[in-house]
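Below is structure.csv, which holds CSV, C-alpha atoms.
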```
chain,number,residue,atom,x,y,z
A,1,MET,CA,-20.3,-7.2,-4.6
A,2,GLN,CA,-18.0,-9.2,-2.3
A,3,ARG,CA,-14.3,-8.3,-2.2
A,4,ILE,CA,-11.4,-10.6,-2.4
A,5,ALA,CA,-7.8,-9.5,-1.5
A,6,ILE,CA,-5.0,-11.6,-3.0
A,7,ASP,CA,-1.4,-11.8,-1.9
A,8,MET,CA,1.4,-11.7,-4.5
A,9,ASP,CA,4.4,-13.7,-3.3
A,10,GLU,CA,3.9,-17.4,-3.4
A,11,VAL,CA,0.2,-16.9,-4.5
A,12,MET,CA,0.2,-14.9,-7.8
A,13,ALA,CA,4.0,-15.0,-8.1
A,14,ASP,CA,6.0,-18.2,-7.9
A,15,THR,CA,8.6,-16.6,-5.7
A,16,MET,CA,10.0,-19.7,-4.2
A,17,ALA,CA,10.6,-21.4,-7.5
A,18,HIS,CA,12.5,-18.3,-8.6
A,19,TYR,CA,14.4,-18.2,-5.3
A,20,LEU,CA,15.5,-21.9,-5.5
A,21,GLU,CA,16.6,-21.5,-9.1
A,22,ARG,CA,18.9,-18.7,-8.1
A,23,TYR,CA,20.1,-20.4,-5.0
A,24,ASN,CA,20.9,-23.6,-6.8
A,25,ALA,CA,22.7,-21.8,-9.6
A,26,ASP,CA,24.8,-19.7,-7.1
A,27,PHE,CA,25.7,-22.6,-4.8
A,28,GLY,CA,25.7,-25.6,-7.1
A,29,ARG,CA,22.8,-27.3,-5.2
A,30,ASN,CA,19.7,-29.0,-6.3
A,31,LEU,CA,17.0,-28.0,-3.8
A,32,THR,CA,13.4,-28.4,-4.8
A,33,VAL,CA,10.1,-27.2,-3.3
A,34,LYS,CA,9.6,-30.7,-1.9
A,35,ASP,CA,12.7,-30.3,0.2
A,36,LEU,CA,11.0,-27.3,2.0
A,37,HIS,CA,8.0,-29.3,3.2
A,38,GLY,CA,6.8,-27.8,6.5
A,39,ARG,CA,9.7,-25.4,6.7
A,40,TYR,CA,10.9,-22.0,5.6
A,41,VAL,CA,13.6,-21.8,3.0
A,42,LEU,CA,16.1,-20.2,5.4
A,43,GLU,CA,15.8,-23.2,7.7
A,44,VAL,CA,16.7,-25.6,4.9
A,45,ILE,CA,19.7,-24.1,3.2
A,46,ASP,CA,23.2,-24.5,4.5
A,47,ALA,CA,23.9,-22.2,7.4
A,48,ASP,CA,26.9,-20.6,5.8
A,49,HIS,CA,24.8,-19.6,2.7
A,50,ARG,CA,22.1,-17.9,4.7
A,51,GLU,CA,23.5,-14.4,4.7
A,52,ARG,CA,24.0,-14.3,0.9
A,53,ALA,CA,20.7,-16.1,0.3
A,54,ARG,CA,18.8,-13.6,2.5
A,55,GLU,CA,20.1,-10.8,0.3
A,56,TYR,CA,18.3,-12.1,-2.8
A,57,PHE,CA,15.2,-10.3,-1.4
A,58,GLU,CA,17.1,-7.0,-1.3
A,59,GLN,CA,17.8,-7.1,-5.0
A,60,GLU,CA,15.3,-5.2,-7.1
A,61,ASP,CA,15.8,-7.5,-10.1
A,62,PHE,CA,14.8,-10.5,-8.0
A,63,PHE,CA,11.2,-9.3,-7.9
A,64,ALA,CA,11.1,-8.2,-11.5
A,65,ASN,CA,11.9,-11.7,-12.8
A,66,ILE,CA,9.6,-13.9,-10.7
A,67,PRO,CA,7.4,-16.2,-12.9
A,68,VAL,CA,3.6,-16.1,-12.7
A,69,MET,CA,2.0,-18.8,-10.6
A,70,PRO,CA,0.4,-21.3,-13.0
A,71,GLY,CA,-3.3,-20.6,-13.7
A,72,SER,CA,-3.3,-17.3,-11.7
A,73,GLN,CA,-3.8,-15.0,-14.6
A,74,ASP,CA,-6.9,-16.7,-16.0
A,75,VAL,CA,-8.6,-17.2,-12.6
A,76,VAL,CA,-7.8,-13.7,-11.3
A,77,ARG,CA,-9.3,-12.3,-14.5
A,78,ASP,CA,-12.4,-14.4,-14.1
A,79,LEU,CA,-12.7,-13.3,-10.4
A,80,THR,CA,-12.7,-9.7,-11.4
A,81,LYS,CA,-16.0,-10.3,-13.3
A,82,ARG,CA,-17.8,-11.5,-10.2
A,83,TYR,CA,-15.9,-9.8,-7.3
A,84,GLU,CA,-14.0,-6.7,-6.4
A,85,VAL,CA,-10.4,-7.9,-6.5
A,86,PHE,CA,-7.6,-6.1,-4.7
A,87,ILE,CA,-3.9,-7.2,-4.7
A,88,THR,CA,-2.5,-6.8,-1.2
A,89,THR,CA,1.2,-7.4,-0.8
A,90,ALA,CA,3.4,-6.9,2.2
A,91,ALA,CA,5.9,-4.8,0.3
A,92,MET,CA,6.9,-2.7,3.3
A,93,ASP,CA,9.1,-5.6,4.4
A,94,VAL,CA,11.2,-5.0,1.3
A,95,PRO,CA,11.2,-1.3,0.3
A,96,CYS,CA,13.4,-2.0,-2.8
A,97,SER,CA,10.6,-4.1,-4.2
A,98,PHE,CA,8.0,-1.3,-4.7
A,99,SER,CA,8.6,-0.4,-8.3
A,100,ALA,CA,9.4,-4.0,-9.4
A,101,LYS,CA,6.2,-5.3,-7.9
A,102,TYR,CA,4.1,-2.6,-9.4
A,103,PHE,CA,5.5,-3.1,-12.9
A,104,TRP,CA,5.3,-6.9,-12.5
A,105,LEU,CA,1.6,-6.5,-11.9
A,106,GLN,CA,1.2,-4.1,-14.8
A,107,GLN,CA,3.0,-6.6,-17.1
A,108,HIS,CA,1.3,-9.9,-16.0
A,109,PHE,CA,-2.1,-8.7,-14.7
A,110,PRO,CA,-2.8,-5.6,-16.8
A,111,PHE,CA,-6.5,-6.0,-16.1
A,112,ILE,CA,-6.0,-5.0,-12.5
A,113,SER,CA,-6.3,-1.3,-12.0
A,114,PRO,CA,-3.5,0.5,-10.1
A,115,SER,CA,-6.3,1.8,-7.8
A,116,ASN,CA,-6.8,-1.9,-6.7
A,117,ILE,CA,-3.1,-2.5,-5.7
A,118,VAL,CA,-2.1,-2.1,-2.1
A,119,PHE,CA,1.4,-2.2,-0.6
A,120,CYS,CA,1.1,-2.7,3.1
A,121,GLY,CA,2.7,-4.3,6.1
A,122,ASP,CA,0.1,-5.4,8.7
A,123,LYS,CA,-2.9,-6.8,6.7
A,124,SER,CA,-5.3,-6.0,9.5
A,125,ILE,CA,-5.7,-2.7,7.6
A,126,ILE,CA,-7.3,-4.5,4.6
A,127,ALA,CA,-11.1,-4.1,4.4
A,128,ALA,CA,-12.2,-7.1,2.3
A,129,ASP,CA,-14.4,-10.2,2.7
A,130,PHE,CA,-11.7,-12.7,1.8
A,131,LEU,CA,-7.9,-12.8,1.8
A,132,ILE,CA,-6.0,-15.4,-0.2
A,133,ASP,CA,-2.6,-15.6,1.4
A,134,ASP,CA,0.2,-18.1,2.2
A,135,ASN,CA,1.4,-16.3,5.3
A,136,ILE,CA,-0.2,-17.3,8.6
A,137,ARG,CA,0.8,-14.0,10.2
A,138,HIS,CA,-1.3,-12.1,7.6
A,139,LEU,CA,-4.2,-14.6,7.8
A,140,ARG,CA,-4.3,-14.2,11.6
A,141,ASN,CA,-4.3,-10.4,11.4
A,142,PHE,CA,-6.9,-10.1,8.6
A,143,ARG,CA,-10.5,-9.2,9.7
A,144,GLY,CA,-12.4,-11.1,7.1
A,145,GLU,CA,-12.1,-14.8,6.2
A,146,GLY,CA,-8.6,-15.9,5.4
A,147,ILE,CA,-8.1,-18.6,2.7
A,148,ILE,CA,-4.7,-20.3,3.0
A,149,TYR,CA,-2.8,-20.8,-0.3
A,150,THR,CA,-0.6,-23.8,0.0
A,151,ALA,CA,3.1,-23.1,0.3
A,152,PRO,CA,5.8,-25.5,1.8
A,153,HIS,CA,6.0,-23.6,5.0
A,154,ASN,CA,2.2,-23.7,5.8
A,155,VAL,CA,1.3,-27.3,4.9
A,156,TYR,CA,0.5,-28.3,8.5
A,157,GLU,CA,-1.8,-25.3,9.2
A,158,THR,CA,-5.4,-26.2,9.7
A,159,ALA,CA,-7.1,-23.0,10.9
A,160,TRP,CA,-8.3,-21.8,7.4
A,161,ARG,CA,-10.0,-23.2,4.3
A,162,ARG,CA,-7.2,-24.2,2.0
A,163,VAL,CA,-6.5,-23.9,-1.7
A,164,ASN,CA,-3.6,-25.8,-3.2
A,165,ASN,CA,-3.6,-24.1,-6.6
A,166,TRP,CA,-5.5,-21.7,-8.7
A,167,GLU,CA,-8.0,-24.3,-9.9
A,168,ASP,CA,-8.9,-24.7,-6.3
A,169,VAL,CA,-9.5,-21.0,-6.1
A,170,ARG,CA,-11.7,-21.2,-9.2
A,171,ARG,CA,-13.8,-24.0,-7.6
A,172,MET,CA,-14.2,-22.1,-4.3
A,173,PHE,CA,-15.2,-18.8,-5.7
A,174,LEU,CA,-16.5,-19.3,-9.2
A,175,THR,CA,-17.8,-22.9,-9.7
A,176,SER,CA,-19.2,-24.2,-6.5
A,177,GLY,CA,-20.8,-21.0,-5.1
A,178,VAL,CA,-19.6,-22.1,-1.7
A,179,SER,CA,-18.7,-18.6,-0.6
Q,1,MET,CA,-8.0,0.6,20.6
Q,2,GLN,CA,-9.4,2.8,17.8
Q,3,ARG,CA,-7.6,3.1,14.6
Q,4,ILE,CA,-6.8,6.4,12.7
Q,5,ALA,CA,-5.6,6.3,9.1
Q,6,ILE,CA,-3.8,9.5,8.0
Q,7,ASP,CA,-3.1,10.7,4.5
Q,8,MET,CA,0.3,12.1,3.5
Q,9,ASP,CA,0.1,14.7,0.8
Q,10,GLU,CA,-1.4,18.0,2.0
Q,11,VAL,CA,-2.0,16.5,5.5
Q,12,MET,CA,1.4,15.3,6.9
Q,13,ALA,CA,3.4,16.8,4.0
Q,14,ASP,CA,3.0,20.3,2.8
Q,15,THR,CA,2.9,19.2,-0.8
Q,16,MET,CA,1.2,22.4,-2.1
Q,17,ALA,CA,3.7,24.8,-0.6
Q,18,HIS,CA,6.5,22.8,-2.2
Q,19,TYR,CA,4.7,22.7,-5.5
Q,20,LEU,CA,4.1,26.5,-5.6
Q,21,GLU,CA,7.7,27.2,-4.6
Q,22,ARG,CA,8.9,25.1,-7.5
Q,23,TYR,CA,6.3,26.6,-9.9
Q,24,ASN,CA,7.1,30.2,-9.0
Q,25,ALA,CA,10.8,29.6,-9.4
Q,26,ASP,CA,10.4,28.0,-12.8
Q,27,PHE,CA,8.0,30.5,-14.2
Q,28,GLY,CA,8.8,33.7,-12.4
Q,29,ARG,CA,5.4,33.9,-10.7
Q,30,ASN,CA,4.3,34.6,-7.2
Q,31,LEU,CA,1.3,32.3,-6.6
Q,32,THR,CA,0.4,31.6,-3.0
Q,33,VAL,CA,-1.9,29.1,-1.3
Q,34,LYS,CA,-4.5,31.9,-1.0
Q,35,ASP,CA,-4.7,32.1,-4.8
Q,36,LEU,CA,-5.9,28.5,-4.8
Q,37,HIS,CA,-9.0,29.1,-2.6
Q,38,GLY,CA,-11.7,26.6,-3.7
Q,39,ARG,CA,-9.7,25.4,-6.7
Q,40,TYR,CA,-7.2,22.8,-7.7
Q,41,VAL,CA,-3.7,24.1,-8.6
Q,42,LEU,CA,-3.9,23.0,-12.3
Q,43,GLU,CA,-7.0,25.2,-12.6
Q,44,VAL,CA,-5.1,28.3,-11.4
Q,45,ILE,CA,-1.8,28.2,-13.2
Q,46,ASP,CA,-1.4,29.5,-16.8
Q,47,ALA,CA,-2.7,27.1,-19.4
Q,48,ASP,CA,0.6,27.0,-21.3
Q,49,HIS,CA,2.4,26.0,-18.1
Q,50,ARG,CA,0.2,23.1,-17.3
Q,51,GLU,CA,2.0,20.3,-19.1
Q,52,ARG,CA,5.4,21.1,-17.4
Q,53,ALA,CA,3.7,21.8,-14.0
Q,54,ARG,CA,2.0,18.4,-14.2
Q,55,GLU,CA,5.3,16.7,-14.6
Q,56,TYR,CA,6.5,17.9,-11.2
Q,57,PHE,CA,4.6,14.9,-9.8
Q,58,GLU,CA,6.5,12.5,-12.0
Q,59,GLN,CA,9.9,13.5,-10.6
Q,60,GLU,CA,11.1,11.4,-7.8
Q,61,ASP,CA,13.0,14.2,-6.1
Q,62,PHE,CA,9.8,16.3,-5.9
Q,63,PHE,CA,8.5,13.9,-3.2
Q,64,ALA,CA,11.8,13.6,-1.4
Q,65,ASN,CA,12.0,17.3,-0.6
Q,66,ILE,CA,8.5,18.1,0.6
Q,67,PRO,CA,8.4,19.9,3.9
Q,68,VAL,CA,6.6,18.5,6.9
Q,69,MET,CA,3.2,20.1,7.7
Q,70,PRO,CA,3.6,22.3,10.8
Q,71,GLY,CA,2.7,20.4,14.0
Q,72,SER,CA,2.2,17.1,12.3
Q,73,GLN,CA,5.2,15.3,13.9
Q,74,ASP,CA,4.2,16.1,17.5
Q,75,VAL,CA,0.5,15.4,17.1
Q,76,VAL,CA,1.0,12.1,15.1
Q,77,ARG,CA,3.5,10.9,17.8
Q,78,ASP,CA,1.0,11.7,20.5
Q,79,LEU,CA,-1.8,10.0,18.5
Q,80,THR,CA,0.3,6.8,18.4
Q,81,LYS,CA,0.1,6.6,22.2
Q,82,ARG,CA,-3.7,6.4,22.3
Q,83,TYR,CA,-4.6,5.0,18.9
Q,84,GLU,CA,-3.4,2.6,16.2
Q,85,VAL,CA,-2.1,5.0,13.5
Q,86,PHE,CA,-1.7,3.9,9.9
Q,87,ILE,CA,-0.3,6.2,7.1
Q,88,THR,CA,-2.4,5.6,4.0
Q,89,THR,CA,-1.3,7.4,0.9
Q,90,ALA,CA,-2.6,7.1,-2.7
Q,91,ALA,CA,0.9,6.3,-4.0
Q,92,MET,CA,-0.5,4.2,-6.9
Q,93,ASP,CA,-1.3,7.4,-8.8
Q,94,VAL,CA,2.4,8.2,-9.0
Q,95,PRO,CA,4.5,5.0,-9.1
Q,96,CYS,CA,7.8,6.9,-9.2
Q,97,SER,CA,7.0,8.2,-5.7
Q,98,PHE,CA,7.1,4.9,-3.8
Q,99,SER,CA,10.6,4.9,-2.5
Q,100,ALA,CA,10.7,8.7,-1.9
Q,101,LYS,CA,7.5,8.5,0.1
Q,102,TYR,CA,8.8,5.6,2.2
Q,103,PHE,CA,12.1,7.2,3.0
Q,104,TRP,CA,10.4,10.6,3.7
Q,105,LEU,CA,8.3,8.8,6.4
Q,106,GLN,CA,11.3,7.1,7.8
Q,107,GLN,CA,13.1,10.4,8.0
Q,108,HIS,CA,10.4,12.6,9.4
Q,109,PHE,CA,8.1,10.1,11.2
Q,110,PRO,CA,10.6,7.4,12.4
Q,111,PHE,CA,8.2,6.4,15.2
Q,112,ILE,CA,5.8,5.0,12.6
Q,113,SER,CA,6.6,1.3,11.9
Q,114,PRO,CA,6.9,0.3,8.3
Q,115,SER,CA,4.1,-2.2,9.0
Q,116,ASN,CA,1.7,0.7,9.5
Q,117,ILE,CA,2.4,2.3,6.1
Q,118,VAL,CA,0.0,1.7,3.3
Q,119,PHE,CA,0.4,2.6,-0.4
Q,120,CYS,CA,-2.9,2.3,-2.1
Q,121,GLY,CA,-5.3,3.7,-4.7
Q,122,ASP,CA,-8.9,3.3,-3.7
Q,123,LYS,CA,-9.2,4.0,0.0
Q,124,SER,CA,-12.3,1.9,0.4
Q,125,ILE,CA,-9.8,-0.9,1.1
Q,126,ILE,CA,-8.7,0.8,4.4
Q,127,ALA,CA,-10.1,-0.8,7.6
Q,128,ALA,CA,-9.9,2.0,10.1
Q,129,ASP,CA,-12.3,4.0,12.3
Q,130,PHE,CA,-11.2,7.4,11.0
Q,131,LEU,CA,-9.5,8.7,8.0
Q,132,ILE,CA,-7.9,12.2,8.0
Q,133,ASP,CA,-7.6,13.2,4.4
Q,134,ASP,CA,-7.9,16.3,2.2
Q,135,ASN,CA,-9.3,14.5,-0.8
Q,136,ILE,CA,-13.0,14.2,-1.1
Q,137,ARG,CA,-12.8,11.1,-3.4
Q,138,HIS,CA,-11.0,9.2,-0.7
Q,139,LEU,CA,-13.3,10.5,2.1
Q,140,ARG,CA,-16.3,9.4,0.0
Q,141,ASN,CA,-14.9,5.9,-0.6
Q,142,PHE,CA,-13.7,5.3,3.0
Q,143,ARG,CA,-15.9,3.0,5.1
Q,144,GLY,CA,-15.3,4.6,8.5
Q,145,GLU,CA,-15.7,8.3,9.5
Q,146,GLY,CA,-13.8,10.7,7.3
Q,147,ILE,CA,-12.3,13.9,8.7
Q,148,ILE,CA,-11.5,16.5,6.1
Q,149,TYR,CA,-8.2,18.2,6.5
Q,150,THR,CA,-8.4,21.7,5.0
Q,151,ALA,CA,-6.7,22.3,1.7
Q,152,PRO,CA,-7.5,25.1,-0.8
Q,153,HIS,CA,-9.4,22.8,-3.1
Q,154,ASN,CA,-11.8,21.5,-0.4
Q,155,VAL,CA,-12.8,24.6,1.5
Q,156,TYR,CA,-16.4,24.5,0.4
Q,157,GLU,CA,-17.0,20.9,1.4
Q,158,THR,CA,-19.4,20.4,4.3
Q,159,ALA,CA,-20.0,16.7,4.4
Q,160,TRP,CA,-17.3,15.8,7.0
Q,161,ARG,CA,-16.0,17.1,10.3
Q,162,ARG,CA,-13.2,19.4,9.5
Q,163,VAL,CA,-9.7,20.1,10.9
Q,164,ASN,CA,-7.8,23.2,9.7
Q,165,ASN,CA,-4.4,22.2,11.1
Q,166,TRP,CA,-2.7,19.7,13.4
Q,167,GLU,CA,-3.8,21.6,16.5
Q,168,ASP,CA,-7.4,20.9,15.5
Q,169,VAL,CA,-6.5,17.2,15.1
Q,170,ARG,CA,-5.0,17.3,18.7
Q,171,ARG,CA,-8.2,18.9,20.0
Q,172,MET,CA,-10.5,16.4,18.2
Q,173,PHE,CA,-8.7,13.2,19.1
Q,174,LEU,CA,-6.6,14.0,22.2
Q,175,THR,CA,-8.0,16.9,24.2
Q,176,SER,CA,-11.7,17.0,23.9
Q,177,GLY,CA,-12.4,13.2,23.8
Q,178,VAL,CA,-15.0,14.0,21.2
Q,179,SER,CA,-14.4,10.8,19.3
```

Could you render the structure as structure tokens?
Amino acid sequence: MQRIAIDMDEVMADTMAHYLERYNADFGRNLTVKDLHGRYVLEVIDADHRERAREYFEQEDFFANIPVMPGSQDVVRDLTKRYEVFITTAAMDVPCSFSAKYFWLQQHFPFISPSNIVFCGDKSIIAADFLIDDNIRHLRNFRGEGIIYTAPHNVYETAWRRVNNWEDVRRMFLTSGVS
Amino acid sequence: MQRIAIDMDEVMADTMAHYLERYNADFGRNLTVKDLHGRYVLEVIDADHRERAREYFEQEDFFANIPVMPGSQDVVRDLTKRYEVFITTAAMDVPCSFSAKYFWLQQHFPFISPSNIVFCGDKSIIAADFLIDDNIRHLRNFRGEGIIYTAPHNVYETAWRRVNNWEDVRRMFLTSGVS
């Protein structure tokens, strides 16, 4: 059975929508995902907001309250019927996020066994056939085939097969039989 | 460069010594590691203590205070000069242990980058050449070569090359050039 590793932030979890919502509320702005096209969020926000806005990621409740990416629950559940599915998240960047990320998965993806959750840093350690991730650093390090999940900061990358949303994931892995 | 994955509990951390110390203090007993020969600790302790003794693993401070396994710091540091070293611990069994395990590593093994720490469940997800582990379930699942680190519960296992202590690890990977 082939194995798919799936990233959490900006793939299963709509981290950026949650981030912008908090940023806009705190600073009276109206930034949208479209404003981030081709850039990382810290490049887009006002320079004198950056320090406080960086701290969002150091707050445990930030991770607890991230909404689920549309369609991800249904498609991940269906993937588990045909593939071994592991959730592989670079939690070591943000040690305060461990528990929140674990309980978020338990809450929104209860059909994923804890034994199939991985908190890591460098994703070259992941033994899987595919990795669905938005982060080009992780896709570069990964030893199997990387699949890039569209996020504003990666729209110009062309080195990997791309999925724009979870329906694209379904087509790639469940409908077309391309893999 | 070859890659070595190393387990924490009962390999880098003397988890069982710490466990017995707490158990003996709480129940007025004098169990030693020798009493565990060939068995798991929960098989050895009195039946009516088991529920409370199982709860030790659910206490965050239990993991924070585990002593370092003798010799592990020097040998792991030396391994990092000749190998890629990842710490791979089955933290998903005990979600309350995430932060304590992370800060324990930062405190006792500060030369290990957070990017080389992995909290996982099923160690078949680990892409490495070697895994040094005391747990036969993890050694069986691992896709590279498992090296069994002696613990009371595994003394009768013969399926893997064995190390009894960190000097054995040094000899296997740094002195003899066997690997």

Would you mind listing, for every residue of chain Q within 9 Å of chain A, the two atoms forming the shortest contact and the distance between them in Å to one decimal, using only C-alpha atoms, sorted by chain and ascending residue number, as a Markdown table?
```
| residue | atom | partner | partner_atom | distance |
| --- | --- | --- | --- | --- |
| Q:Phe86 | CA | A:Ile125 | CA | 8.1 |
| Q:Ala90 | CA | A:Ser115 | CA | 8.2 |
| Q:Met92 | CA | A:Pro114 | CA | 5.7 |
| Q:Asp93 | CA | A:Pro114 | CA | 7.4 |
| Q:Pro95 | CA | A:Ser99 | CA | 6.8 |
| Q:Cys96 | CA | A:Ser99 | CA | 7.4 |
| Q:Phe98 | CA | A:Phe98 | CA | 6.3 |
| Q:Ser99 | CA | A:Pro95 | CA | 6.8 |
| Q:Tyr102 | CA | A:Pro95 | CA | 7.5 |
| Q:Phe103 | CA | A:Pro95 | CA | 9.0 |
| Q:Ser113 | CA | A:Gly121 | CA | 9.0 |
| Q:Pro114 | CA | A:Met92 | CA | 5.8 |
| Q:Ser115 | CA | A:Gly121 | CA | 3.8 |
| Q:Asn116 | CA | A:Gly121 | CA | 6.1 |
| Q:Ile117 | CA | A:Cys120 | CA | 6.0 |
| Q:Val118 | CA | A:Cys120 | CA | 4.5 |
| Q:Phe119 | CA | A:Phe119 | CA | 4.9 |
| Q:Cys120 | CA | A:Val118 | CA | 4.5 |
| Q:Gly121 | CA | A:Ser115 | CA | 3.8 |
| Q:Asp122 | CA | A:Ser115 | CA | 5.1 |
| Q:Lys123 | CA | A:Ser115 | CA | 8.6 |
| Q:Ser124 | CA | A:Ala127 | CA | 7.3 |
| Q:Ile125 | CA | A:Ala127 | CA | 4.8 |
| Q:Ile126 | CA | A:Ala127 | CA | 5.5 |
| Q:Ala127 | CA | A:Ala127 | CA | 4.7 |
| Q:Ala128 | CA | A:Ile125 | CA | 6.8 |
| Q:Arg143 | CA | A:Ala127 | CA | 8.6 |
```

Could those selected residues go to a file with C-alpha atoms, as a JSON list (two decimals), keeping the file's coordinate frame?
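Once written, result.json looks like this:
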```json
[["chain", "number", "residue", "atom", "x", "y", "z"],
["Q", 86, "PHE", "CA", -1.70, 3.90, 9.90],
["Q", 90, "ALA", "CA", -2.60, 7.10, -2.70],
["Q", 92, "MET", "CA", -0.50, 4.20, -6.90],
["Q", 93, "ASP", "CA", -1.30, 7.40, -8.80],
["Q", 95, "PRO", "CA", 4.50, 5.00, -9.10],
["Q", 96, "CYS", "CA", 7.80, 6.90, -9.20],
["Q", 98, "PHE", "CA", 7.10, 4.90, -3.80],
["Q", 99, "SER", "CA", 10.60, 4.90, -2.50],
["Q", 102, "TYR", "CA", 8.80, 5.60, 2.20],
["Q", 103, "PHE", "CA", 12.10, 7.20, 3.00],
["Q", 113, "SER", "CA", 6.60, 1.30, 11.90],
["Q", 114, "PRO", "CA", 6.90, 0.30, 8.30],
["Q", 115, "SER", "CA", 4.10, -2.20, 9.00],
["Q", 116, "ASN", "CA", 1.70, 0.70, 9.50],
["Q", 117, "ILE", "CA", 2.40, 2.30, 6.10],
["Q", 118, "VAL", "CA", 0.00, 1.70, 3.30],
["Q", 119, "PHE", "CA", 0.40, 2.60, -0.40],
["Q", 120, "CYS", "CA", -2.90, 2.30, -2.10],
["Q", 121, "GLY", "CA", -5.30, 3.70, -4.70],
["Q", 122, "ASP", "CA", -8.90, 3.30, -3.70],
["Q", 123, "LYS", "CA", -9.20, 4.00, 0.00],
["Q", 124, "SER", "CA", -12.30, 1.90, 0.40],
["Q", 125, "ILE", "CA", -9.80, -0.90, 1.10],
["Q", 126, "ILE", "CA", -8.70, 0.80, 4.40],
["Q", 127, "ALA", "CA", -10.10, -0.80, 7.60],
["Q", 128, "ALA", "CA", -9.90, 2.00, 10.10],
["Q", 143, "ARG", "CA", -15.90, 3.00, 5.10]]
```

**Prompt:** Rounded to one decimal in Å, what is the spacing between atom CA of Asn24 of chain Q and atom CA of His37 of chain Q?
**Reply:** 17.4 Å

**Proximity to Leu79 of chain A - best of A:Arg54, A:His108, A:His49, A:Arg170, only C-alpha atoms** = A:Arg170

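Across the model, the gap from atom CA of Pro152 of chain A to atom CA of Val68 of chain A is 17.4 Å.
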
**Message:** Which residues are close to segment 26-35 of chain A, i.e. within 12 Å by all atoms listed in the file, leaving aside same-chain residues fewer than 5 positions away? Reply as an MDAnalysis selection string.
**Reply:** chainID A and resid 10 14:21 40:46 48:50 52:53 56 150:153 155

**Request:** Would you work out the distance separating atom CA of Ile6 of chain A from atom CA of Gly146 of chain Q, expressed in Å to one decimal?
**Result:** 26.1 Å

**Request:** Compile the contact shell of Lys101 of chain A as a VMD selection string: residues with an atom at most 9 Å away, counting all atoms listed in the file, same-chain residues fewer than 5 positions apart removed.
**Result:** chain A and resid 8 63 to 64 89 91 106

**Asked** From the list A:Val75, A:Ile4, A:Tyr156, A:Leu174, which residue is nearest Arg39 of chain A when using only C-alpha atoms?
**Response** A:Tyr156

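Comparing the minimum interatomic distances between Gly144 of chain A and each of A:Val11, A:Phe130, A:Gln107, A:Lys81, counting all atoms listed in the file, we find that A:Phe130 sits nearest.
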
**Message:** Show me the residues close to (3.6, 14.9, 13.6) - anything with an atom within 10 Å, counting only C-alpha atoms - and format the list as a PyMOL selection string.
**Reply:** chain Q and resi 11-13+68-80+108-109+111+166

Return segment 39-50 of chain Q, completed with N, CA and C atoms, as a PDB file, in the coordinates of the input.
```
ATOM      1  N   ARG Q  39     -10.078  25.958  -5.398  1.00  0.00           N
ATOM      2  CA  ARG Q  39      -9.700  25.400  -6.700  1.00  0.00           C
ATOM      3  C   ARG Q  39      -8.514  24.463  -6.610  1.00  0.00           C
ATOM      4  N   TYR Q  40      -8.355  23.622  -7.614  1.00  0.00           N
ATOM      5  CA  TYR Q  40      -7.200  22.800  -7.700  1.00  0.00           C
ATOM      6  C   TYR Q  40      -6.076  23.609  -8.432  1.00  0.00           C
ATOM      7  N   VAL Q  41      -4.829  23.291  -8.111  1.00  0.00           N
ATOM      8  CA  VAL Q  41      -3.700  24.100  -8.600  1.00  0.00           C
ATOM      9  C   VAL Q  41      -3.678  24.154 -10.143  1.00  0.00           C
ATOM     10  N   LEU Q  42      -4.013  23.030 -10.794  1.00  0.00           N
ATOM     11  CA  LEU Q  42      -3.900  23.000 -12.300  1.00  0.00           C
ATOM     12  C   LEU Q  42      -4.995  23.902 -12.914  1.00  0.00           C
ATOM     13  N   GLU Q  43      -6.018  24.282 -12.127  1.00  0.00           N
ATOM     14  CA  GLU Q  43      -7.000  25.200 -12.600  1.00  0.00           C
ATOM     15  C   GLU Q  43      -6.517  26.665 -12.580  1.00  0.00           C
ATOM     16  N   VAL Q  44      -5.531  26.900 -11.724  1.00  0.00           N
ATOM     17  CA  VAL Q  44      -5.100  28.300 -11.400  1.00  0.00           C
ATOM     18  C   VAL Q  44      -3.929  28.713 -12.266  1.00  0.00           C
ATOM     19  N   ILE Q  45      -3.027  27.810 -12.536  1.00  0.00           N
ATOM     20  CA  ILE Q  45      -1.800  28.200 -13.200  1.00  0.00           C
ATOM     21  C   ILE Q  45      -2.086  28.439 -14.724  1.00  0.00           C
ATOM     22  N   ASP Q  46      -1.212  29.191 -15.360  1.00  0.00           N
ATOM     23  CA  ASP Q  46      -1.400  29.500 -16.800  1.00  0.00           C
ATOM     24  C   ASP Q  46      -1.528  28.254 -17.624  1.00  0.00           C
ATOM     25  N   ALA Q  47      -2.423  28.309 -18.595  1.00  0.00           N
ATOM     26  CA  ALA Q  47      -2.700  27.100 -19.400  1.00  0.00           C
ATOM     27  C   ALA Q  47      -1.453  26.583 -20.094  1.00  0.00           C
ATOM     28  N   ASP Q  48      -0.600  27.471 -20.551  1.00  0.00           N
ATOM     29  CA  ASP Q  48       0.600  27.000 -21.300  1.00  0.00           C
ATOM     30  C   ASP Q  48       1.692  26.486 -20.352  1.00  0.00           C
ATOM     31  N   HIS Q  49       1.471  26.562 -19.056  1.00  0.00           N
ATOM     32  CA  HIS Q  49       2.400  26.000 -18.100  1.00  0.00           C
ATOM     33  C   HIS Q  49       1.998  24.576 -17.640  1.00  0.00           C
ATOM     34  N   ARG Q  50       0.771  24.226 -17.950  1.00  0.00           N
ATOM     35  CA  ARG Q  50       0.200  23.100 -17.300  1.00  0.00           C
ATOM     36  C   ARG Q  50       0.944  21.763 -17.528  1.00  0.00           C
TER      37      ARG Q  50
END
```
